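Contents: one structure, followed by commentary.
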Amino acid sequence: MKKLQEDFLKFQAKTTPYPLGIVVDHAKGSYVYDTDGKAYLDFIAGVSACSVGHCHPNVVEAIKTQAERYLHVMVYGEFAQEPAVDLAKELAAELPESLGVTYLVNSGTEAIEGALKLTKRVTGRGELIAAHNAYHGSTHGALSLLGAEQQKKAYRPLLPGIQFIQFNNADDLDKITTKTAAVLLETIQGGAGFIVPQNGYLKKVKERCKAVGALLILDEIQPGFGRTGKLFGFQQYDVVPDILVMGKGMGGGLPIGAFSSSAAHMDHLTENPKLGHITTFGGNAIIATAALATLRTLKEEQLIEAVVEKEKLFRSLLKHPKIKQINGTGLMLAPIFETEEIANTVVLKAMEKGLLLFWLLWEKKAVRISPPLTISLDEIRNGCAIISEILDSI
């Protein structure tokens with residue numbers, strides 16, 4: 001264990017000076033196990049990625065079966081490969097007709113890049129609008145629309161023609177004009193503290209976009225695939241985006257992203273120029289197989305329908321004087337504590353006690369709770385008991 005941890009610190013690039021550093025041996029269901037045999041109840045799910053838990057047998061079996069047929073055979077969009085075609089077809093069956101064509105890529109941030117390019121082709125415009133405290137990924141285009149200056153100032157210059165509006169503030173909507181190609185919003189703001197739209201906000205944005213000929217992109221990379229109690233978060237808010245972006249929980253633990261729109265819109269990527277968006281490994285057979293197994297498991301095991309009951313249990317158990325409120329919806333919850341120090345203490349002491357929690361990007365008083373959708377009621381009770389015990393001790 002010590003040697004692997006040392007090699008991790010020496011040879012693998014890191015994102016912070018102080019990674020949590022658990023040396024992972026295996027993971028199953030709602031638990032991650034380290035090389036000393038310690039079990040950690042997972043309330044993170046790979047940051048909302050492991051929607052059907054770790055190593056769900058349906059996903060593992062689908063991967064094994066496909067691995068014996070073929071892996072990568074050709075760049076995206078040239079050969080008809082059954083896993084990718086079936087995945088796109090099943091997504092179309094779950095989405096409005098205006099989102100019936102899907103482009104499969106390798107990550108959420110790549111899907112954002114493709115969606116931004118598509119809006120410029122469809123509208124012929126260059127201005128893009130995002131929200132303050134937004135997070136859409138770390139590639140240059142996505143970073144340009146990230147709504148926290150401290151995170152991107154070291155990487156300027158970024159894309160020109162970017163404006164920001166305040167999420168849930170209808171007074172800002174007049175900034176969306178005939179110069180605007182697209183408004184990009186998270187259906188639920190993740191890094192900002194799991195902020196949900198209020199007072200028909202998303203519907204008002206869509207109406208304003210329609211009035212001026214702009215497109216609405218909804219980033220469902222985190223809320224998507226059942227986490228809110230619907231397959232996609234936008235289905236909770238009486239609005240349909242012009243482009244839907246997805247990722248994270250889509251792959252059952254494997255890396256994937258996608259963006260969906262109408263056939264008329266997607267046709268813009270096929271000519272003038274041809275190869276308007278290119279990916280070598282997008283739609284990879286193994287990844288698409290895992291995503292298809294994940295989607296089917298969510299439906300067959302009625303995991304999405306169970307989210308509402310699980311959210312209610314979390315909210316009933318996480319009542320403590322040091323918790324000011326609980327943001328979010330479904331199994332995308334963020335207890336907000338009195339201070340940043342309390343949030344830090346809860347995350348670190350929980351890990352010591354065998355519970356995995358994590359921070360949010362911009363809201364420093366918050367702790368992320370985004371467990372696998374497969375988590376049991378007893379596991380929820382056990383994890384919340386640990387949190388309450390920690391809060392009682394500080």
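Residue names in the structure tokens use chain letters A, B, ... in the order shown, residue numbers from 1 in each chain, and ligand numbers from 1 in the order shown.
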
Skipping near chain neighbours, those fewer than 4 positions away, what residues fall within 7 Å of Lys206 in chain A using only C-alpha atoms, listed as a PyMOL selection string? chain A and resi 202+210+216

Please produce a file of those selected residues containing C-alpha atoms, as a PDB file, in the first residue's frame.
```
ATOM      1  CA  LEU A 202     -35.353  27.676 -17.083  1.00  0.00           C
ATOM      2  CA  LYS A 210     -36.665  31.548 -28.709  1.00  0.00           C
ATOM      3  CA  LEU A 216     -30.570  26.906 -25.014  1.00  0.00           C
TER       4      LEU A 216
END
```

Could you pull the residues within 6 Å of range 175-187 of chain A, counting only C-alpha atoms, minus those fewer than 5 positions along the same chain, as number ranges by chain? A: 119-120, 123, 125-130, 212, 214-219

Backbone DSSP call of strand (DSSP E or B) for range 159-236 of chain A, listed as an mmCIF file with N, CA and C atoms, in the first residue's frame:
```cif
data_model
loop_
_atom_site.group_PDB
_atom_site.id
_atom_site.type_symbol
_atom_site.label_atom_id
_atom_site.label_comp_id
_atom_site.auth_asym_id
_atom_site.auth_seq_id
_atom_site.Cartn_x
_atom_site.Cartn_y
_atom_site.Cartn_z
ATOM 1 N N ILE A 162 -17.887 36.262 -24.531
ATOM 2 C CA ILE A 162 -18.579 35.532 -23.464
ATOM 3 C C ILE A 162 -19.222 36.534 -22.503
ATOM 4 N N GLN A 163 -20.475 36.273 -22.134
ATOM 5 C CA GLN A 163 -21.152 37.061 -21.117
ATOM 6 C C GLN A 163 -21.679 36.134 -20.025
ATOM 7 N N PHE A 164 -21.938 36.712 -18.852
ATOM 8 C CA PHE A 164 -22.451 35.933 -17.732
ATOM 9 C C PHE A 164 -23.714 36.561 -17.173
ATOM 10 N N ILE A 165 -24.631 35.694 -16.774
ATOM 11 C CA ILE A 165 -25.856 36.111 -16.121
ATOM 12 C C ILE A 165 -25.943 35.418 -14.758
ATOM 13 N N THR A 180 -26.706 36.686 -29.607
ATOM 14 C CA THR A 180 -26.402 35.506 -28.807
ATOM 15 C C THR A 180 -26.604 34.225 -29.607
ATOM 16 N N ALA A 181 -25.562 33.406 -29.660
ATOM 17 C CA ALA A 181 -25.691 32.082 -30.274
ATOM 18 C C ALA A 181 -26.378 31.117 -29.322
ATOM 19 N N ALA A 182 -25.939 31.115 -28.064
ATOM 20 C CA ALA A 182 -26.489 30.146 -27.116
ATOM 21 C C ALA A 182 -26.334 30.629 -25.687
ATOM 22 N N VAL A 183 -27.242 30.152 -24.867
ATOM 23 C CA VAL A 183 -27.125 30.263 -23.423
ATOM 24 C C VAL A 183 -26.857 28.853 -22.897
ATOM 25 N N LEU A 184 -25.777 28.708 -22.154
ATOM 26 C CA LEU A 184 -25.386 27.417 -21.586
ATOM 27 C C LEU A 184 -25.607 27.467 -20.076
ATOM 28 N N LEU A 185 -26.472 26.577 -19.583
ATOM 29 C CA LEU A 185 -26.760 26.521 -18.156
ATOM 30 C C LEU A 185 -26.731 25.082 -17.666
ATOM 31 N N GLU A 186 -26.252 24.889 -16.445
ATOM 32 C CA GLU A 186 -26.474 23.625 -15.763
ATOM 33 C C GLU A 186 -27.943 23.594 -15.327
ATOM 34 N N GLN A 189 -27.171 23.842 -10.744
ATOM 35 C CA GLN A 189 -25.782 24.290 -10.624
ATOM 36 C C GLN A 189 -25.033 23.431 -9.604
ATOM 37 N N ILE A 195 -27.592 24.286 -6.695
ATOM 38 C CA ILE A 195 -28.642 25.299 -6.754
ATOM 39 C C ILE A 195 -29.686 24.879 -7.795
ATOM 40 N N LEU A 215 -30.078 29.654 -28.963
ATOM 41 C CA LEU A 215 -30.329 28.282 -28.539
ATOM 42 C C LEU A 215 -30.053 28.130 -27.045
ATOM 43 N N LEU A 216 -30.795 27.233 -26.420
ATOM 44 C CA LEU A 216 -30.570 26.906 -25.014
ATOM 45 C C LEU A 216 -29.893 25.547 -24.926
ATOM 46 N N ILE A 217 -28.697 25.537 -24.314
ATOM 47 C CA ILE A 217 -27.990 24.289 -24.014
ATOM 48 C C ILE A 217 -28.160 24.024 -22.526
ATOM 49 N N LEU A 218 -28.651 22.850 -22.179
ATOM 50 C CA LEU A 218 -28.692 22.451 -20.780
ATOM 51 C C LEU A 218 -27.639 21.393 -20.512
ATOM 52 N N ASP A 219 -26.815 21.672 -19.527
ATOM 53 C CA ASP A 219 -25.747 20.786 -19.099
ATOM 54 C C ASP A 219 -26.310 19.845 -18.041
#
```

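Reported to one decimal place, the separation of CA of Val105 in chain A from CA of Gly53 in chain A is 22.2 Å.
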
Tell me, counting only C-alpha atoms, for each residue of range 325-392 of chain A within 12 Å of range 286-294 of chain A, which pair of atoms is nearest and how far apart they are in Å to one decimal, in rows ordered by chain and increasing number, as a Markdown table.
```
| residue | atom | partner | partner_atom | distance |
| --- | --- | --- | --- | --- |
| A:Pro372 | CA | A:Thr294 | CA | 11.9 |
| A:Leu373 | CA | A:Thr294 | CA | 11.2 |
| A:Thr374 | CA | A:Thr294 | CA | 11.5 |
```

Residues of the last selection are to be written out with N, CA and C atoms, as a short mmCIF file (atom, residue, chain, number, x, y, z; two decimals), in the first residue's frame.
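Printed below is selection_6.cif as written:
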```cif
data_model
loop_
_atom_site.label_atom_id
_atom_site.label_comp_id
_atom_site.auth_asym_id
_atom_site.auth_seq_id
_atom_site.Cartn_x
_atom_site.Cartn_y
_atom_site.Cartn_z
N PRO A 372 -24.38 6.34 -5.18
CA PRO A 372 -24.99 5.55 -6.26
C PRO A 372 -26.51 5.50 -6.08
N LEU A 373 -27.23 5.46 -7.18
CA LEU A 373 -28.68 5.37 -7.09
C LEU A 373 -29.12 4.02 -6.51
N THR A 374 -28.22 3.06 -6.50
CA THR A 374 -28.49 1.74 -5.95
C THR A 374 -28.37 1.69 -4.43
#
```

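Within 10 Å of range 312-322 of chain A there are Val307, Thr329, Gly330, Leu331, Leu333, Pro335, Ile336, Phe337, Glu338, Thr339, Ile342, Ala343, Ile369, Leu377, Ile380, Arg381, Gly383, Cys384, Ala385, Ile387, Ser388, Leu391, Asp392 and Ile394 of chain A, counting only C-alpha atoms and ignoring same-chain residues fewer than 5 positions away.
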
Keeping only C-alpha atoms, write those residues as a compact mmCIF listing (two decimals), in the first residue's frame.
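Wrote again29.txt, looks like this:
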```
# COMPACT_ATOMS: atom_id res chain seq x y z
CA VAL A 307 -34.80 8.39 -5.72
CA THR A 329 -32.78 17.56 -5.18
CA GLY A 330 -32.98 13.79 -5.51
CA LEU A 331 -29.64 12.14 -4.78
CA LEU A 333 -27.74 16.92 -2.12
CA PRO A 335 -25.76 20.09 3.31
CA ILE A 336 -24.66 23.67 3.99
CA PHE A 337 -22.84 24.03 7.30
CA GLU A 338 -22.28 27.05 9.51
CA THR A 339 -18.64 27.39 8.46
CA ILE A 342 -17.06 22.39 9.73
CA ALA A 343 -17.45 21.18 6.14
CA ILE A 369 -23.80 13.81 -1.11
CA LEU A 377 -32.07 2.69 2.87
CA ILE A 380 -28.27 5.82 3.96
CA ARG A 381 -29.08 5.44 7.64
CA GLY A 383 -23.87 7.05 6.58
CA CYS A 384 -26.09 9.75 8.06
CA ALA A 385 -25.42 8.36 11.54
CA ILE A 387 -22.29 12.49 9.84
CA SER A 388 -24.45 13.19 12.89
CA LEU A 391 -21.28 16.99 14.06
CA ASP A 392 -22.04 16.14 17.69
CA ILE A 394 -17.30 19.31 16.98
```

Excluding Glu352 in chain A and its own-chain neighbours fewer than 3 positions away, which residues fall within 12 Å of it when counting only C-alpha atoms? Please give them as a short mmCIF file (atom, residue, chain, number, x, y, z; two decimals) with N, CA and C atoms, in the first residue's frame.
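File written: selection.cif
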```cif
data_model
loop_
_atom_site.label_atom_id
_atom_site.label_comp_id
_atom_site.auth_asym_id
_atom_site.auth_seq_id
_atom_site.Cartn_x
_atom_site.Cartn_y
_atom_site.Cartn_z
N LEU A 20 -6.76 12.98 -1.37
CA LEU A 20 -7.19 12.14 -0.25
C LEU A 20 -6.34 10.89 -0.13
N ILE A 22 -6.54 7.59 -0.77
CA ILE A 22 -6.93 6.21 -0.48
C ILE A 22 -6.35 5.29 -1.56
N LYS A 38 -10.02 -2.06 4.47
CA LYS A 38 -11.01 -1.16 5.04
C LYS A 38 -12.08 -0.83 4.03
N ALA A 39 -13.34 -0.88 4.45
CA ALA A 39 -14.48 -0.57 3.59
C ALA A 39 -14.92 0.88 3.81
N TYR A 40 -15.21 1.57 2.73
CA TYR A 40 -15.70 2.94 2.77
C TYR A 40 -17.07 2.99 2.11
N LEU A 41 -18.09 3.37 2.85
CA LEU A 41 -19.41 3.60 2.29
C LEU A 41 -19.34 4.85 1.41
N THR A 345 -13.97 19.49 8.23
CA THR A 345 -13.87 18.49 9.30
C THR A 345 -14.76 17.30 9.02
N VAL A 346 -15.97 17.55 8.55
CA VAL A 346 -16.91 16.46 8.26
C VAL A 346 -16.34 15.54 7.19
N VAL A 347 -15.81 16.10 6.10
CA VAL A 347 -15.26 15.27 5.02
C VAL A 347 -14.11 14.41 5.54
N LEU A 348 -13.18 15.01 6.26
CA LEU A 348 -11.96 14.29 6.67
C LEU A 348 -12.24 13.27 7.78
N LYS A 349 -13.07 13.64 8.74
CA LYS A 349 -13.39 12.69 9.81
C LYS A 349 -14.28 11.56 9.30
N LEU A 355 -16.61 6.57 5.70
CA LEU A 355 -17.65 7.18 4.87
C LEU A 355 -17.00 8.18 3.92
N LEU A 356 -17.29 8.06 2.63
CA LEU A 356 -16.72 8.96 1.64
C LEU A 356 -17.68 10.10 1.33
N LEU A 357 -17.23 11.30 1.65
CA LEU A 357 -17.90 12.54 1.27
C LEU A 357 -16.89 13.39 0.50
N ILE A 386 -23.10 8.46 10.84
CA ILE A 386 -21.70 8.88 10.95
C ILE A 386 -21.59 10.41 10.88
N ILE A 387 -22.31 11.02 9.96
CA ILE A 387 -22.29 12.49 9.84
C ILE A 387 -22.78 13.13 11.13
N ILE A 390 -20.23 12.89 13.91
CA ILE A 390 -19.14 13.85 13.73
C ILE A 390 -19.58 15.25 14.15
#
```

Range 235-250 of chain A surroundings by only C-alpha atoms, 6 Å radius, close-in-sequence under 4 positions cut, as a VMD selection string: chain A and resid 48 to 51 108 203 215 to 221 225 256 to 261 291

Write the residues you've just listed into a file as a short mmCIF file (atom, residue, chain, number, x, y, z; two decimals), in the first residue's frame, and include C-alpha atoms for each of them.
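Final output, part_17.cif:
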```
data_model
loop_
_atom_site.label_atom_id
_atom_site.label_comp_id
_atom_site.auth_asym_id
_atom_site.auth_seq_id
_atom_site.Cartn_x
_atom_site.Cartn_y
_atom_site.Cartn_z
CA SER A 48 -22.06 11.35 -9.53
CA ALA A 49 -20.55 9.02 -12.14
CA CYS A 50 -21.26 5.54 -10.73
CA SER A 51 -25.02 5.80 -11.00
CA GLY A 108 -18.79 15.76 -20.48
CA LYS A 203 -38.63 28.07 -18.94
CA LEU A 215 -30.33 28.28 -28.54
CA LEU A 216 -30.57 26.91 -25.01
CA ILE A 217 -27.99 24.29 -24.01
CA LEU A 218 -28.69 22.45 -20.78
CA ASP A 219 -25.75 20.79 -19.10
CA GLU A 220 -27.05 17.55 -17.56
CA ILE A 221 -23.60 16.05 -17.05
CA PHE A 225 -29.36 9.61 -15.66
CA ILE A 256 -18.40 8.97 -21.75
CA GLY A 257 -20.18 12.14 -22.82
CA ALA A 258 -22.78 13.02 -25.42
CA PHE A 259 -24.84 15.87 -26.80
CA SER A 260 -28.29 15.49 -28.33
CA SER A 261 -30.28 17.77 -30.60
CA ALA A 291 -23.76 3.02 -21.03
#
```

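Taking only C-alpha atoms, the non-local environment of Val75 in chain A within 10 Å (same-chain residues fewer than 4 positions away omitted) comprises Phe79, Ile278, Thr279, Thr280, Phe281, Gly282, Gly283 and Asn284 of chain A.
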
Limited to N, CA and C atoms, could you put the picked residues into a file as an mmCIF file, in the first residue's frame?
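Heads up, here's the output in out_32.cif:
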```cif
data_model
loop_
_atom_site.group_PDB
_atom_site.id
_atom_site.type_symbol
_atom_site.label_atom_id
_atom_site.label_comp_id
_atom_site.auth_asym_id
_atom_site.auth_seq_id
_atom_site.Cartn_x
_atom_site.Cartn_y
_atom_site.Cartn_z
ATOM 1 N N PHE A 79 -18.375 3.697 -39.259
ATOM 2 C CA PHE A 79 -18.907 2.328 -39.253
ATOM 3 C C PHE A 79 -20.147 2.275 -38.358
ATOM 4 N N ILE A 278 -14.952 15.999 -34.613
ATOM 5 C CA ILE A 278 -14.275 14.716 -34.812
ATOM 6 C C ILE A 278 -13.876 14.130 -33.469
ATOM 7 N N THR A 279 -14.066 12.839 -33.315
ATOM 8 C CA THR A 279 -13.560 12.128 -32.155
ATOM 9 C C THR A 279 -13.170 10.722 -32.583
ATOM 10 N N THR A 280 -11.990 10.283 -32.172
ATOM 11 C CA THR A 280 -11.558 8.935 -32.505
ATOM 12 C C THR A 280 -12.320 7.893 -31.701
ATOM 13 N N PHE A 281 -12.381 8.078 -30.398
ATOM 14 C CA PHE A 281 -12.916 7.034 -29.525
ATOM 15 C C PHE A 281 -14.352 7.264 -29.077
ATOM 16 N N GLY A 282 -14.981 8.369 -29.462
ATOM 17 C CA GLY A 282 -16.385 8.556 -29.132
ATOM 18 C C GLY A 282 -17.214 7.405 -29.690
ATOM 19 N N GLY A 283 -18.170 6.931 -28.890
ATOM 20 C CA GLY A 283 -18.976 5.795 -29.326
ATOM 21 C C GLY A 283 -18.245 4.474 -29.261
ATOM 22 N N ASN A 284 -17.110 4.441 -28.563
ATOM 23 C CA ASN A 284 -16.340 3.207 -28.422
ATOM 24 C C ASN A 284 -17.250 2.065 -27.991
#
```

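Across A:Leu118, A:Ala93, A:Val101, A:Cys55, the tightest approach to Ala263 in chain A is made by A:Val101 when counting only C-alpha atoms.
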
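Here CA of Pro19 in chain A and CA of Gln325 in chain A stand 27.6 Å from one another.
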
Skip Gly147 in chain A itself and residues of its chain fewer than 6 positions away, then list as a list in words all residues within 7 Å of it, counting only C-alpha atoms. Ala131, His132, Asn133, Ala134 and Tyr135 of chain A

Going by DSSP on the backbone, which bits of range 267-318 of chain A are alpha helix (DSSP H)? Write them as a PyMOL selection string, please. chain A and resi 285-300+307-317

Output for the residues just chosen: N, CA and C atoms as a PDB file, in the first residue's frame:
```
ATOM      1  N   ALA A 285     -17.028   0.900 -28.544  1.00  0.00           N
ATOM      2  CA  ALA A 285     -17.947  -0.219 -28.343  1.00  0.00           C
ATOM      3  C   ALA A 285     -18.075  -0.619 -26.877  1.00  0.00           C
ATOM      4  N   ILE A 286     -16.959  -0.675 -26.166  1.00  0.00           N
ATOM      5  CA  ILE A 286     -17.006  -1.055 -24.757  1.00  0.00           C
ATOM      6  C   ILE A 286     -17.756  -0.001 -23.943  1.00  0.00           C
ATOM      7  N   ILE A 287     -17.436   1.266 -24.186  1.00  0.00           N
ATOM      8  CA  ILE A 287     -18.049   2.345 -23.419  1.00  0.00           C
ATOM      9  C   ILE A 287     -19.545   2.417 -23.707  1.00  0.00           C
ATOM     10  N   ALA A 288     -19.908   2.351 -24.984  1.00  0.00           N
ATOM     11  CA  ALA A 288     -21.328   2.415 -25.340  1.00  0.00           C
ATOM     12  C   ALA A 288     -22.093   1.233 -24.769  1.00  0.00           C
ATOM     13  N   THR A 289     -21.463   0.065 -24.743  1.00  0.00           N
ATOM     14  CA  THR A 289     -22.094  -1.118 -24.145  1.00  0.00           C
ATOM     15  C   THR A 289     -22.363  -0.896 -22.659  1.00  0.00           C
ATOM     16  N   ALA A 290     -21.387  -0.337 -21.955  1.00  0.00           N
ATOM     17  CA  ALA A 290     -21.574  -0.051 -20.538  1.00  0.00           C
ATOM     18  C   ALA A 290     -22.682   0.970 -20.319  1.00  0.00           C
ATOM     19  N   ALA A 291     -22.724   1.999 -21.161  1.00  0.00           N
ATOM     20  CA  ALA A 291     -23.755   3.023 -21.031  1.00  0.00           C
ATOM     21  C   ALA A 291     -25.142   2.452 -21.306  1.00  0.00           C
ATOM     22  N   LEU A 292     -25.237   1.586 -22.310  1.00  0.00           N
ATOM     23  CA  LEU A 292     -26.519   0.964 -22.622  1.00  0.00           C
ATOM     24  C   LEU A 292     -26.983   0.072 -21.473  1.00  0.00           C
ATOM     25  N   ALA A 293     -26.063  -0.694 -20.904  1.00  0.00           N
ATOM     26  CA  ALA A 293     -26.402  -1.540 -19.752  1.00  0.00           C
ATOM     27  C   ALA A 293     -26.822  -0.684 -18.565  1.00  0.00           C
ATOM     28  N   THR A 294     -26.185   0.460 -18.382  1.00  0.00           N
ATOM     29  CA  THR A 294     -26.547   1.368 -17.302  1.00  0.00           C
ATOM     30  C   THR A 294     -27.954   1.909 -17.486  1.00  0.00           C
ATOM     31  N   LEU A 295     -28.250   2.385 -18.678  1.00  0.00           N
ATOM     32  CA  LEU A 295     -29.572   2.932 -18.967  1.00  0.00           C
ATOM     33  C   LEU A 295     -30.656   1.879 -18.738  1.00  0.00           C
ATOM     34  N   ARG A 296     -30.413   0.682 -19.219  1.00  0.00           N
ATOM     35  CA  ARG A 296     -31.402  -0.388 -19.059  1.00  0.00           C
ATOM     36  C   ARG A 296     -31.553  -0.785 -17.595  1.00  0.00           C
ATOM     37  N   THR A 297     -30.455  -0.801 -16.857  1.00  0.00           N
ATOM     38  CA  THR A 297     -30.523  -1.147 -15.439  1.00  0.00           C
ATOM     39  C   THR A 297     -31.309  -0.109 -14.655  1.00  0.00           C
ATOM     40  N   LEU A 298     -31.093   1.173 -14.962  1.00  0.00           N
ATOM     41  CA  LEU A 298     -31.853   2.227 -14.301  1.00  0.00           C
ATOM     42  C   LEU A 298     -33.346   2.014 -14.465  1.00  0.00           C
ATOM     43  N   LYS A 299     -33.748   1.586 -15.664  1.00  0.00           N
ATOM     44  CA  LYS A 299     -35.164   1.396 -15.940  1.00  0.00           C
ATOM     45  C   LYS A 299     -35.679   0.084 -15.367  1.00  0.00           C
ATOM     46  N   GLU A 300     -34.959  -0.997 -15.607  1.00  0.00           N
ATOM     47  CA  GLU A 300     -35.436  -2.316 -15.205  1.00  0.00           C
ATOM     48  C   GLU A 300     -35.509  -2.466 -13.686  1.00  0.00           C
ATOM     49  N   VAL A 307     -35.614   7.239  -6.144  1.00  0.00           N
ATOM     50  CA  VAL A 307     -34.801   8.388  -5.723  1.00  0.00           C
ATOM     51  C   VAL A 307     -35.564   9.289  -4.761  1.00  0.00           C
ATOM     52  N   VAL A 308     -36.845   9.518  -5.010  1.00  0.00           N
ATOM     53  CA  VAL A 308     -37.630  10.437  -4.178  1.00  0.00           C
ATOM     54  C   VAL A 308     -37.666   9.947  -2.731  1.00  0.00           C
ATOM     55  N   GLU A 309     -37.914   8.649  -2.526  1.00  0.00           N
ATOM     56  CA  GLU A 309     -37.941   8.095  -1.171  1.00  0.00           C
ATOM     57  C   GLU A 309     -36.582   8.230  -0.500  1.00  0.00           C
ATOM     58  N   LYS A 310     -35.517   7.999  -1.244  1.00  0.00           N
ATOM     59  CA  LYS A 310     -34.183   8.091  -0.670  1.00  0.00           C
ATOM     60  C   LYS A 310     -33.825   9.523  -0.309  1.00  0.00           C
ATOM     61  N   GLU A 311     -34.239  10.469  -1.138  1.00  0.00           N
ATOM     62  CA  GLU A 311     -34.017  11.878  -0.797  1.00  0.00           C
ATOM     63  C   GLU A 311     -34.739  12.228   0.505  1.00  0.00           C
ATOM     64  N   LYS A 312     -35.991  11.804   0.641  1.00  0.00           N
ATOM     65  CA  LYS A 312     -36.753  12.095   1.855  1.00  0.00           C
ATOM     66  C   LYS A 312     -36.052  11.532   3.091  1.00  0.00           C
ATOM     67  N   LEU A 313     -35.491  10.328   2.962  1.00  0.00           N
ATOM     68  CA  LEU A 313     -34.791   9.734   4.096  1.00  0.00           C
ATOM     69  C   LEU A 313     -33.554  10.545   4.461  1.00  0.00           C
ATOM     70  N   PHE A 314     -32.772  10.932   3.458  1.00  0.00           N
ATOM     71  CA  PHE A 314     -31.610  11.779   3.737  1.00  0.00           C
ATOM     72  C   PHE A 314     -32.032  13.048   4.478  1.00  0.00           C
ATOM     73  N   ARG A 315     -33.046  13.710   3.990  1.00  0.00           N
ATOM     74  CA  ARG A 315     -33.457  14.982   4.586  1.00  0.00           C
ATOM     75  C   ARG A 315     -33.993  14.788   6.010  1.00  0.00           C
ATOM     76  N   SER A 316     -34.648  13.659   6.250  1.00  0.00           N
ATOM     77  CA  SER A 316     -35.180  13.418   7.592  1.00  0.00           C
ATOM     78  C   SER A 316     -34.084  13.114   8.601  1.00  0.00           C
ATOM     79  N   LEU A 317     -32.974  12.527   8.126  1.00  0.00           N
ATOM     80  CA  LEU A 317     -31.886  12.127   9.021  1.00  0.00           C
ATOM     81  C   LEU A 317     -30.846  13.221   9.222  1.00  0.00           C
TER      82      LEU A 317
END
```

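Distance check against Asn382 in chain A using only C-alpha atoms: of A:Gln12, A:Gln81, A:Thr35, A:Ser30, the minimum falls on A:Ser30.
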
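The shortest atom-to-atom distance to Gly226 in chain A, with only C-alpha atoms taken into account, belongs to A:Leu303 out of A:Leu116, A:Leu99, A:Leu303, A:Val73.
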
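For the choices A:Lys2, A:Lys10, A:Arg368, A:Lys153, the atom-to-atom distance to Val47 in chain A is smallest for A:Arg368 when using only C-alpha atoms.
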